[in-house]
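Trainee: Below you'll find work08.txt; it's compact mmCIF, C-alpha atoms.
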```
# COMPACT_ATOMS: atom_id res chain seq x y z
CA MET X 1 -39.36 25.24 -105.02
CA LYS X 2 -42.21 23.23 -103.59
CA THR X 3 -39.80 21.38 -101.27
CA GLY X 4 -38.41 24.67 -99.94
CA PHE X 5 -41.93 25.99 -99.23
CA SER X 6 -43.03 22.86 -97.35
CA ARG X 7 -39.87 23.01 -95.17
CA SER X 8 -40.56 26.63 -94.28
CA LEU X 9 -44.14 25.68 -93.41
CA GLN X 10 -42.92 22.74 -91.31
CA THR X 11 -40.48 24.98 -89.43
CA THR X 12 -43.15 27.57 -88.84
CA ILE X 13 -45.61 24.95 -87.52
CA ILE X 14 -42.96 23.52 -85.17
CA PHE X 15 -42.10 27.03 -83.99
CA PHE X 16 -45.76 27.78 -83.22
CA VAL X 17 -46.33 24.43 -81.54
CA VAL X 18 -43.25 24.84 -79.34
CA GLY X 19 -44.06 28.43 -78.70
CA GLY X 20 -47.63 27.46 -77.82
CA ILE X 21 -46.45 24.76 -75.47
CA LEU X 22 -44.07 27.24 -73.82
CA VAL X 23 -46.82 29.80 -73.47
CA LEU X 24 -49.14 27.18 -71.99
CA ALA X 25 -46.35 25.97 -69.64
CA LEU X 26 -45.55 29.50 -68.51
CA GLY X 27 -49.21 30.08 -68.02
CA GLY X 28 -49.34 27.17 -65.58
CA TYR X 29 -51.47 24.87 -67.66
CA PHE X 30 -48.91 22.07 -67.54
CA SER X 31 -48.21 22.16 -63.77
CA THR X 32 -49.76 18.77 -63.04
CA VAL X 33 -47.86 17.13 -65.82
CA SER X 34 -44.58 18.87 -64.94
CA ASP X 35 -44.97 18.00 -61.22
CA SER X 36 -45.50 14.34 -62.03
CA PHE X 37 -42.53 14.42 -64.30
CA GLY X 38 -40.38 16.18 -61.68
CA ARG X 39 -41.32 13.68 -58.97
CA SER X 40 -40.45 10.79 -61.23
CA LEU X 41 -37.17 12.39 -62.12
CA VAL X 42 -36.30 13.05 -58.46
CA SER X 43 -37.17 9.47 -57.53
CA VAL X 44 -34.97 8.12 -60.26
CA GLN X 45 -32.18 10.50 -59.27
CA THR X 46 -32.50 9.50 -55.60
CA TRP X 47 -32.39 5.82 -56.44
CA VAL X 48 -29.36 6.25 -58.66
CA SER X 49 -27.60 8.46 -56.12
CA THR X 50 -28.19 6.05 -53.22
CA ARG X 51 -26.82 3.14 -55.19
CA TYR X 52 -23.89 5.20 -56.30
CA VAL X 53 -22.99 6.19 -52.72
CA VAL X 54 -23.29 2.60 -51.50
CA ILE X 55 -21.10 1.31 -54.32
CA ARG X 56 -18.58 4.14 -53.81
CA ASN X 57 -18.39 3.43 -50.05
CA PHE X 58 -17.98 -0.26 -50.70
CA LEU X 59 -15.16 0.34 -53.14
CA SER X 60 -13.37 2.93 -50.98
CA ALA X 61 -14.01 1.29 -47.55
CA PRO X 62 -10.65 -0.53 -46.98
CA GLY X 63 -8.73 2.69 -47.35
CA ASP X 64 -11.05 4.44 -44.91
CA VAL X 65 -10.76 1.69 -42.29
CA VAL X 66 -7.00 2.02 -42.29
CA SER X 67 -7.15 5.78 -42.07
CA LEU X 68 -9.83 5.57 -39.36
CA GLN X 69 -7.74 3.13 -37.37
CA GLN X 70 -4.78 5.49 -37.65
CA ARG X 71 -6.92 8.42 -36.60
CA ASN X 72 -8.38 6.38 -33.74
CA ALA X 73 -4.90 5.47 -32.54
CA GLU X 74 -3.86 9.12 -32.76
CA LEU X 75 -6.89 10.22 -30.77
CA GLU X 76 -6.39 7.51 -28.15
CA SER X 77 -2.77 8.56 -27.80
CA GLU X 78 -3.86 12.16 -27.48
CA ILE X 79 -6.44 11.21 -24.83
CA SER X 80 -3.78 9.30 -22.86
CA GLY X 81 -1.48 12.31 -23.05
CA LEU X 82 -4.26 14.63 -21.91
CA GLN X 83 -5.23 12.30 -19.06
CA THR X 84 -1.60 12.22 -17.91
CA GLN X 85 -1.54 15.99 -18.16
CA VAL X 86 -4.74 16.25 -16.10
CA ILE X 87 -3.29 14.01 -13.38
CA GLN X 88 -0.05 16.02 -13.35
CA LEU X 89 -2.00 19.27 -13.14
CA GLN X 90 -4.17 17.91 -10.33
CA GLN X 91 -1.02 16.88 -8.46
CA GLN X 92 0.49 20.31 -9.09
CA LEU X 93 -2.72 21.92 -7.87
CA THR X 94 -2.60 19.86 -4.67
CA ASP X 95 1.08 20.74 -4.16
CA THR X 96 0.34 24.38 -4.83
CA GLN X 97 -2.50 24.39 -2.31
CA VAL X 98 -0.25 22.76 0.30
CA LEU X 99 2.57 25.19 -0.47
CA ALA X 100 0.19 28.15 -0.37
CA ALA X 101 -0.98 27.05 3.08
CA LEU X 102 2.63 26.68 4.20
CA VAL X 103 3.51 30.12 2.83
CA ASP X 104 0.55 31.59 4.69
CA PHE X 105 1.72 29.87 7.84
CA SER X 106 5.32 31.09 7.45
CA GLN X 107 4.08 34.63 6.82
CA SER X 108 1.96 34.47 9.96
CA SER X 109 5.07 33.81 12.07
CA PRO X 110 7.81 35.85 10.41
CA GLU X 111 10.18 35.47 13.35
CA SER X 112 11.03 31.95 12.18
CA VAL X 113 13.00 30.99 9.07
CA TYR X 114 11.55 27.97 7.33
CA LYS X 115 12.89 25.47 4.84
CA ALA X 116 10.29 23.44 2.96
CA ALA X 117 11.09 19.77 2.32
CA ALA X 118 9.19 16.92 0.72
CA VAL X 119 8.60 13.66 2.55
CA ILE X 120 10.34 10.94 0.54
CA GLY X 121 10.10 7.96 2.83
CA ARG X 122 9.12 6.40 6.12
CA ASP X 123 10.97 4.22 8.54
CA PRO X 124 10.58 0.59 7.44
CA SER X 125 10.39 -0.55 11.07
CA PRO X 126 6.81 -0.57 12.37
CA PHE X 127 8.10 0.10 15.88
CA LEU X 128 9.39 3.54 14.95
CA HIS X 129 7.62 6.64 13.67
CA TYR X 130 10.11 8.49 11.52
CA ILE X 131 9.95 10.14 8.12
CA ILE X 132 12.73 10.90 5.65
CA ILE X 133 12.79 14.32 3.96
CA ASN X 134 14.69 15.46 0.89
CA SER X 135 16.75 18.21 2.54
CA GLY X 136 19.99 17.64 4.40
CA SER X 137 23.10 19.33 5.69
CA ASN X 138 23.74 20.86 2.26
CA ASP X 139 20.57 22.88 2.81
CA GLY X 140 21.62 23.90 6.29
CA LEU X 141 19.65 21.33 8.28
CA ARG X 142 21.05 20.31 11.64
CA ARG X 143 20.11 17.67 14.19
CA GLY X 144 17.44 18.83 16.61
CA MET X 145 15.74 21.38 14.37
CA PRO X 146 11.94 21.40 14.86
CA VAL X 147 9.71 20.35 11.98
CA VAL X 148 6.19 21.68 11.50
CA THR X 149 3.43 22.12 8.94
CA ASN X 150 0.79 24.80 8.76
CA GLN X 151 -1.38 22.46 10.84
CA GLY X 152 1.01 22.04 13.73
CA LEU X 153 4.01 20.27 15.20
CA ILE X 154 5.49 17.27 13.37
CA GLY X 155 8.66 16.44 15.30
CA ARG X 156 12.33 17.21 15.03
CA VAL X 157 15.31 16.32 12.89
CA ASP X 158 16.98 13.20 14.28
CA ALA X 159 19.73 12.46 11.76
CA VAL X 160 21.13 14.32 8.77
CA THR X 161 23.00 13.32 5.62
CA ALA X 162 24.16 15.64 2.86
CA GLU X 163 20.93 15.42 0.85
CA ALA X 164 18.36 13.98 3.26
CA ALA X 165 17.31 13.98 6.88
CA ARG X 166 15.39 11.69 9.18
CA VAL X 167 12.69 13.28 11.31
CA GLN X 168 11.42 11.77 14.53
CA LEU X 169 7.66 12.30 14.65
CA ALA X 170 5.94 13.43 17.82
CA THR X 171 4.05 10.12 17.72
CA ASP X 172 7.23 8.04 18.16
CA THR X 173 7.47 6.14 21.43
CA ALA X 174 10.79 7.80 22.24
CA SER X 175 9.47 11.30 21.62
CA ALA X 176 8.74 13.59 24.57
CA VAL X 177 7.62 17.17 24.04
CA ASN X 178 7.13 19.70 26.81
CA ILE X 179 3.76 21.33 26.28
CA ARG X 180 1.40 23.73 27.95
CA LEU X 181 -2.37 23.83 27.94
CA GLN X 182 -3.62 27.12 26.63
CA ASN X 183 -6.74 27.30 28.77
CA ALA X 184 -5.51 25.61 31.95
CA ASP X 185 -2.15 27.37 31.86
CA THR X 186 -0.30 24.29 33.05
CA ASP X 187 2.68 22.31 31.75
CA ALA X 188 2.81 18.62 30.86
CA VAL X 189 4.71 16.15 28.71
CA LEU X 190 3.41 14.88 25.39
CA VAL X 191 4.50 11.32 24.56
CA GLY X 192 3.94 9.06 21.58
CA SER X 193 3.03 5.38 21.47
CA VAL X 194 3.38 2.32 19.25
CA THR X 195 -0.10 2.92 17.87
CA GLY X 196 0.79 6.48 16.88
CA ASP X 197 -1.53 8.03 19.45
CA LEU X 198 -0.46 11.03 21.51
CA ALA X 199 -0.90 11.23 25.26
CA LEU X 200 -0.28 13.84 27.92
CA GLU X 201 1.47 12.81 31.10
CA MET X 202 2.60 14.56 34.25
CA ILE X 203 -0.53 16.70 34.58
CA SER X 204 -1.03 17.56 38.20
CA GLN X 205 -4.22 16.18 39.79
CA ASP X 206 -5.36 19.60 40.98
CA VAL X 207 -5.35 21.12 37.51
CA ASP X 208 -8.74 21.38 35.88
CA ILE X 209 -8.48 20.34 32.25
CA GLN X 210 -11.30 20.01 29.77
CA GLU X 211 -11.84 18.16 26.54
CA GLY X 212 -11.10 20.50 23.67
CA ASP X 213 -8.31 22.36 25.48
CA VAL X 214 -5.64 23.46 23.02
CA VAL X 215 -2.18 21.95 23.44
CA LEU X 216 0.86 24.10 22.56
CA THR X 217 4.59 23.58 22.97
CA SER X 218 5.91 25.29 26.10
CA GLY X 219 9.52 25.76 25.02
CA LEU X 220 10.73 24.25 28.29
CA GLY X 221 13.78 22.04 27.93
CA GLY X 222 14.99 23.93 24.90
CA ASP X 223 14.02 21.23 22.38
CA TYR X 224 11.19 23.11 20.69
CA PRO X 225 10.23 26.77 20.31
CA PRO X 226 7.21 27.82 22.37
CA ASP X 227 3.61 28.14 21.14
CA LEU X 228 3.66 25.64 18.32
CA LEU X 229 0.21 24.10 17.90
CA VAL X 230 0.10 20.39 18.78
CA GLY X 231 -3.56 19.44 19.05
CA GLN X 232 -6.55 19.25 21.35
CA ILE X 233 -7.40 17.15 24.38
CA PHE X 234 -10.18 14.70 23.66
CA ASN X 235 -10.09 12.18 26.50
CA ILE X 236 -9.14 12.66 30.15
CA ARG X 237 -8.27 9.91 32.63
CA LYS X 238 -8.26 11.06 36.22
CA ARG X 239 -7.93 8.58 39.07
CA ASP X 240 -7.72 9.62 42.68
CA TYR X 241 -5.05 7.08 43.59
CA GLU X 242 -2.63 8.20 40.86
CA LEU X 243 -0.13 11.02 41.22
CA PHE X 244 -0.91 12.56 37.85
CA GLN X 245 -3.85 12.62 35.52
CA GLN X 246 -3.51 11.61 31.88
CA ALA X 247 -5.14 12.78 28.70
CA SER X 248 -5.26 11.73 25.07
CA VAL X 249 -4.48 14.32 22.45
CA GLN X 250 -5.97 14.57 19.00
CA SER X 251 -3.21 15.96 16.83
CA THR X 252 -4.04 18.67 14.33
CA VAL X 253 -1.73 16.92 11.86
CA ASP X 254 -2.57 13.75 9.94
CA PHE X 255 0.78 11.99 10.29
CA SER X 256 -0.13 9.34 7.73
CA ARG X 257 -0.56 11.90 4.94
CA LEU X 258 2.51 14.08 5.30
CA GLU X 259 3.80 15.34 1.96
CA ILE X 260 5.59 18.63 2.54
CA VAL X 261 6.94 19.86 5.86
CA LEU X 262 8.72 22.98 7.12
CA VAL X 263 11.97 22.83 9.06
CA ILE X 264 12.50 25.78 11.41
CA MET X 265 16.03 26.78 10.48
CA ASN X 266 16.74 29.54 12.96
CA PHE X 267 15.92 27.55 16.09
CA LYS X 268 18.93 26.15 17.87
CA PRO X 269 18.02 23.37 20.31
CA ILE X 270 19.63 23.66 23.73
CA ASP X 271 21.11 20.62 25.40
CA ILE X 272 20.33 21.01 29.10
CA THR X 273 21.46 17.50 30.04
CA PRO X 274 24.57 18.73 31.93
CA LEU X 275 22.32 21.00 34.01
CA ILE X 276 20.06 18.17 35.18
CA PRO X 277 21.23 16.97 38.59
CA GLU X 278 22.06 13.27 38.80
CA ASN X 279 20.09 11.12 41.20
CA THR X 280 21.89 10.65 44.46
CA PRO X 281 21.42 7.46 46.48
CA MET Q 1 8.99 -2.64 0.48
CA ALA Q 2 8.04 1.00 0.81
CA ILE Q 3 4.60 0.22 -0.60
CA ALA Q 4 4.13 -2.82 1.64
CA SER Q 5 5.04 -0.78 4.69
CA ARG Q 6 2.35 1.77 3.74
CA ILE Q 7 -0.40 -0.83 4.07
CA PRO Q 8 -0.69 -1.30 7.79
CA LEU Q 9 -2.97 -3.62 9.71
CA LEU Q 10 -3.46 -1.93 13.08
CA GLY Q 11 0.14 -0.87 13.73
CA GLY Q 12 1.76 -3.81 11.99
CA THR Q 13 3.13 -3.88 8.47
CA ALA Q 14 4.35 -6.62 6.17
CA ASP Q 15 8.10 -7.21 6.03
CA LEU Q 16 8.47 -7.99 2.35
CA MET Q 17 12.25 -8.28 2.64
CA LEU Q 18 11.96 -11.01 5.26
CA VAL Q 19 9.33 -12.94 3.30
CA VAL Q 20 11.32 -12.77 0.05
CA LEU Q 21 14.54 -13.76 1.79
CA ALA Q 22 12.82 -16.69 3.48
CA ALA Q 23 11.32 -17.87 0.18
CA TRP Q 24 14.61 -17.41 -1.69
CA SER Q 25 16.73 -19.23 0.89
CA MET Q 26 14.34 -22.19 0.79
CA GLN Q 27 15.35 -22.98 -2.79
CA GLU Q 28 17.88 -25.80 -2.64
CA ARG Q 29 20.26 -24.61 -5.33
CA VAL Q 30 20.37 -21.06 -4.05
CA GLU Q 31 23.71 -20.20 -2.46
CA SER Q 32 23.49 -16.43 -2.41
CA ALA Q 33 20.83 -16.13 0.31
CA TRP Q 34 23.37 -15.15 2.96
CA HIS Q 35 24.67 -12.27 0.84
CA TRP Q 36 21.17 -11.01 0.13
CA ALA Q 37 20.32 -11.22 3.84
CA PHE Q 38 23.38 -9.15 4.72
CA PHE Q 39 22.80 -6.50 2.06
CA GLY Q 40 19.07 -6.42 2.76
CA GLY Q 41 19.77 -5.91 6.45
CA LEU Q 42 22.22 -3.10 5.69
CA LEU Q 43 19.69 -1.45 3.38
CA VAL Q 44 16.92 -1.55 5.99
CA GLY Q 45 19.37 -0.46 8.70
CA TRP Q 46 20.42 2.50 6.57
CA ALA Q 47 16.84 3.68 5.98
CA SER Q 48 15.64 2.97 9.51
CA ALA Q 49 16.37 4.52 12.86
CA LEU Q 50 16.92 0.98 14.15
CA PRO Q 51 20.59 0.14 14.74
CA TRP Q 52 21.79 -1.60 11.56
CA VAL Q 53 22.86 -4.66 13.54
CA ILE Q 54 19.25 -5.57 14.29
CA PRO Q 55 17.96 -5.98 10.71
CA VAL Q 56 21.21 -7.62 9.62
CA ALA Q 57 21.05 -10.10 12.50
CA GLY Q 58 17.30 -10.64 12.01
CA TYR Q 59 17.60 -11.46 8.32
CA LEU Q 60 20.70 -13.62 8.78
CA LEU Q 61 18.93 -15.60 11.50
CA THR Q 62 15.90 -16.06 9.24
CA VAL Q 63 18.06 -17.29 6.37
CA GLY Q 64 20.03 -19.60 8.69
CA MET Q 65 16.82 -21.07 10.01
CA ALA Q 66 15.45 -21.50 6.50
CA ARG Q 67 18.60 -23.32 5.34
CA MET Q 68 18.36 -25.57 8.36
CA LEU Q 69 14.65 -26.30 8.09
CA VAL Q 70 14.53 -26.83 4.36
CA ARG Q 71 16.62 -29.99 4.74
CA ARG Q 72 14.40 -31.33 7.49
CA ILE Q 73 10.94 -30.51 6.14
CA TRP Q 74 11.77 -30.73 2.45
CA GLN Q 75 8.69 -32.81 1.70
CA ALA Q 76 6.36 -30.00 2.72
CA PRO Q 77 8.04 -26.83 1.48
CA LEU Q 78 4.98 -24.63 1.95
CA LEU Q 79 4.68 -25.73 5.57
CA ALA Q 80 8.38 -25.01 6.03
CA MET Q 81 7.88 -21.60 4.43
CA PHE Q 82 5.10 -20.72 6.86
CA ALA Q 83 7.17 -21.95 9.81
CA ILE Q 84 10.18 -19.90 8.72
CA VAL Q 85 8.17 -16.72 8.15
CA PHE Q 86 6.40 -17.17 11.47
CA ILE Q 87 9.54 -17.77 13.52
CA GLY Q 88 11.60 -15.26 11.50
CA THR Q 89 9.06 -12.48 12.06
CA LEU Q 90 8.87 -13.25 15.76
CA LEU Q 91 12.66 -13.30 16.06
CA PHE Q 92 13.07 -10.05 14.14
CA HIS Q 93 10.42 -8.27 16.18
CA LEU Q 94 11.78 -9.55 19.48
CA LEU Q 95 15.25 -8.40 18.45
CA SER Q 96 13.84 -4.98 17.53
CA ILE Q 97 11.98 -4.63 20.82
CA LEU Q 98 15.00 -5.78 22.81
CA GLY Q 99 17.34 -3.44 20.91
CA LEU Q 100 15.05 -0.45 21.34
CA ARG Q 101 14.55 -1.16 25.02
CA LEU Q 102 18.30 -1.41 25.52
CA LEU Q 103 18.70 1.96 23.79
CA GLY Q 104 16.29 3.52 26.25
CA ASN Q 105 13.16 3.60 24.13
CA PRO Q 106 10.17 3.32 26.52
CA LEU Q 107 8.39 0.83 24.27
CA VAL Q 108 5.62 -1.10 26.02
CA VAL Q 109 6.38 -4.71 25.11
CA MET Q 110 2.83 -6.07 25.39
CA ASP Q 111 1.46 -3.20 23.29
CA ALA Q 112 4.16 -3.76 20.69
CA LEU Q 113 3.42 -7.47 20.51
CA SER Q 114 -0.34 -7.07 20.24
CA VAL Q 115 -0.52 -4.00 18.00
CA ILE Q 116 2.50 -4.56 15.75
CA THR Q 117 3.81 -8.12 15.92
CA LEU Q 118 0.55 -10.05 15.65
CA PRO Q 119 -0.83 -8.09 12.66
CA GLY Q 120 2.66 -8.14 11.11
CA LEU Q 121 2.73 -11.92 11.46
CA PHE Q 122 -0.63 -12.22 9.75
CA LEU Q 123 0.46 -9.99 6.85
CA ASN Q 124 3.78 -11.82 6.43
CA LEU Q 125 2.06 -15.22 6.41
CA PHE Q 126 -0.43 -13.88 3.89
CA LEU Q 127 2.42 -12.73 1.64
CA ALA Q 128 4.32 -16.00 2.10
CA LEU Q 129 1.74 -17.83 0.01
CA PRO Q 130 2.52 -16.10 -3.32
CA ALA Q 131 6.16 -15.39 -2.44
CA PHE Q 132 7.19 -19.04 -2.34
CA PRO Q 133 6.12 -20.05 -5.89
CA ILE Q 134 7.46 -16.77 -7.30
CA MET Q 135 10.88 -17.36 -5.75
CA ARG Q 136 10.80 -21.00 -6.86
CA ASP Q 137 10.16 -19.91 -10.46
CA LEU Q 138 12.89 -17.31 -10.15
CA ALA Q 139 15.34 -19.93 -8.89
CA VAL Q 140 14.39 -22.24 -11.76
CA TRP Q 141 15.02 -19.42 -14.22
CA VAL Q 142 18.24 -18.16 -12.62
CA TYR Q 143 19.88 -21.53 -12.00
CA ASP Q 144 18.43 -23.18 -15.11
CA ILE Q 145 17.26 -26.25 -13.18
CA GLU Q 146 14.48 -28.63 -14.08
CA ASP Q 147 11.24 -27.80 -12.34
CA ASP Q 148 10.40 -31.18 -10.90
CA LEU Q 149 8.41 -29.92 -7.93
```
Could you spell out this file's structure in structure tokens?
Mentor:
Amino acid sequence: MKTGFSRSLQTTIIFFVVGGILVLALGGYFSTVSDSFGRSLVSVQTWVSTRYVVIRNFLSAPGDVVSLQQRNAELESEISGLQTQVIQLQQQLTDTQVLAALVDFSQSSPESVYKAAAVIGRDPSPFLHYIIINSGSNDGLRRGMPVVTNQGLIGRVDAVTAEAARVQLATDTASAVNIRLQNADTDAVLVGSVTGDLALEMISQDVDIQEGDVVLTSGLGGDYPPDLLVGQIFNIRKRDYELFQQASVQSTVDFSRLEIVLVIMNFKPIDITPLIPENTP
Amino acid sequence: MAIASRIPLLGGTADLMLVVLAAWSMQERVESAWHWAFFGGLLVGWASALPWVIPVAGYLLTVGMARMLVRRIWQAPLLAMFAIVFIGTLLFHLLSILGLRLLGNPLVVMDALSVITLPGLFLNLFLALPAFPIMRDLAVWVYDIEDDL
């Protein structure tokens, strides 16, 4: 009986002590103690956690290296693919810009029918200025057809196979184009040279020509249609003792960077050789 | 060849076909140089507006000269290589100029020599230096001979 009473008393005392502590804690009387305890607990937790992470990383590292290497390889492969794609897109953009310019040019002169062709080669001989294009007789190309770009005259088709054609550039030494000067309203002959420079010959001494005069095809001789842009005069050589004056021409076309050209399909060159009188002794 | 011809010096370009043929025909065991010269000449003649006879004759002459010289200057193969490339280039260019002039091309000979031939010679001689050991190694590999040079 006595034992049961003392236990009840003990329980009651513990209840009041705990309750008192709780009341004091809720009342904020233990804040200093609880803060110190919390800080210690957090420090211990931080220390344990840091060690745990280090040990976990150490134990799981080999697997991660392999997976990282795989991922790295995948990303590098993806970067290579994307870089290739960027280069292809840049090339396509350049081609599109060139083609857009050519389309604009063809729309500006609707009387002509054009066939676009890509430049696929150049004459291996340094003495000759020819290009090879990827269109031939299967596409309707014929010998003598003029070739242009949106920038101006290129030359004319010299030889044709089924799938390709060789174009003689205006800069070739054997090329001779009848031209007229827009401002001076006079005719002359444009010839090429081994260096690729263009020169005007057969300009009468009494014609007044100026640097910057625009050079256009005249259509004389029947080799080229009239009014194709060739270039501008940039240097004049006039000597009193010569029959004709000469001039250098700056072409509007960069012949070293030809990529796509237009063949004028509906121009039929005229052979006037039989009409030229032979020299009589 | 297409790439080499796109790297001009003034108006001249390297003739890789000629340099390779010269280096190949200088290898003693090589017997197929004549065939390569003929086919190389036909290939260039097909792609070029030059009459096909000119490159074929030019390359055959170069190979003939190489076969002749290699027996006489065998102790100094690099010197022989330079001599062959030099004379071969000159011969080829002179043949080209002559052929074009005969066909009515108003080529100015002095301009052609100074603007095309001289720079071309320089480029060919420059290429001759690596071409000779490469062709020698190729001949060693193809003909399975001991490299005692």
Trainee: Go ahead and compute the interatomic distance for CA of Val30 (chain Q) and CA of Tyr143 (chain Q), in Å to one decimal.
Mentor: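 Going from CA of Val30 (chain Q) over to CA of Tyr143 (chain Q) covers 8.0 Å.
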Trainee: Pick from Q:Trp141, Q:Trp52, Q:Phe82, Q:Phe132: nearest to Ser125 (chain X), with all atoms listed in the file counted?
Mentor: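 Closest candidate: Q:Trp52.
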Trainee: Could you tell me, as a short mmCIF file (atom, residue, chain, number, x, y, z; two decimals) with C-alpha atoms, in the coordinates of the input, which residues have any atom at most 10 Å from (20.2, 15.4, 18.6), counting all atoms listed in the file?
Mentor:
```
data_model
loop_
_atom_site.label_atom_id
_atom_site.label_comp_id
_atom_site.auth_asym_id
_atom_site.auth_seq_id
_atom_site.Cartn_x
_atom_site.Cartn_y
_atom_site.Cartn_z
CA ARG X 142 21.05 20.31 11.64
CA ARG X 143 20.11 17.67 14.19
CA GLY X 144 17.44 18.83 16.61
CA MET X 145 15.74 21.38 14.37
CA ARG X 156 12.33 17.21 15.03
CA VAL X 157 15.31 16.32 12.89
CA ASP X 158 16.98 13.20 14.28
CA ALA X 159 19.73 12.46 11.76
CA VAL X 160 21.13 14.32 8.77
CA ASP X 223 14.02 21.23 22.38
CA PRO X 269 18.02 23.37 20.31
CA ILE X 270 19.63 23.66 23.73
CA ASP X 271 21.11 20.62 25.40
#
```
Trainee: Contacts from chain Q to chain X, 12 Å maximum, all atoms listed in the file: show me the residue list as a ChimeraX atom specification.
Mentor: /Q:1-18,40-41,43-52,54-55,92-101,103-120
Trainee: Could you tell me how far CA of Glu163 (chain X) sits from CA of Pro226 (chain X), in Å to one decimal place?
Mentor: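 The value is 28.4 Å.
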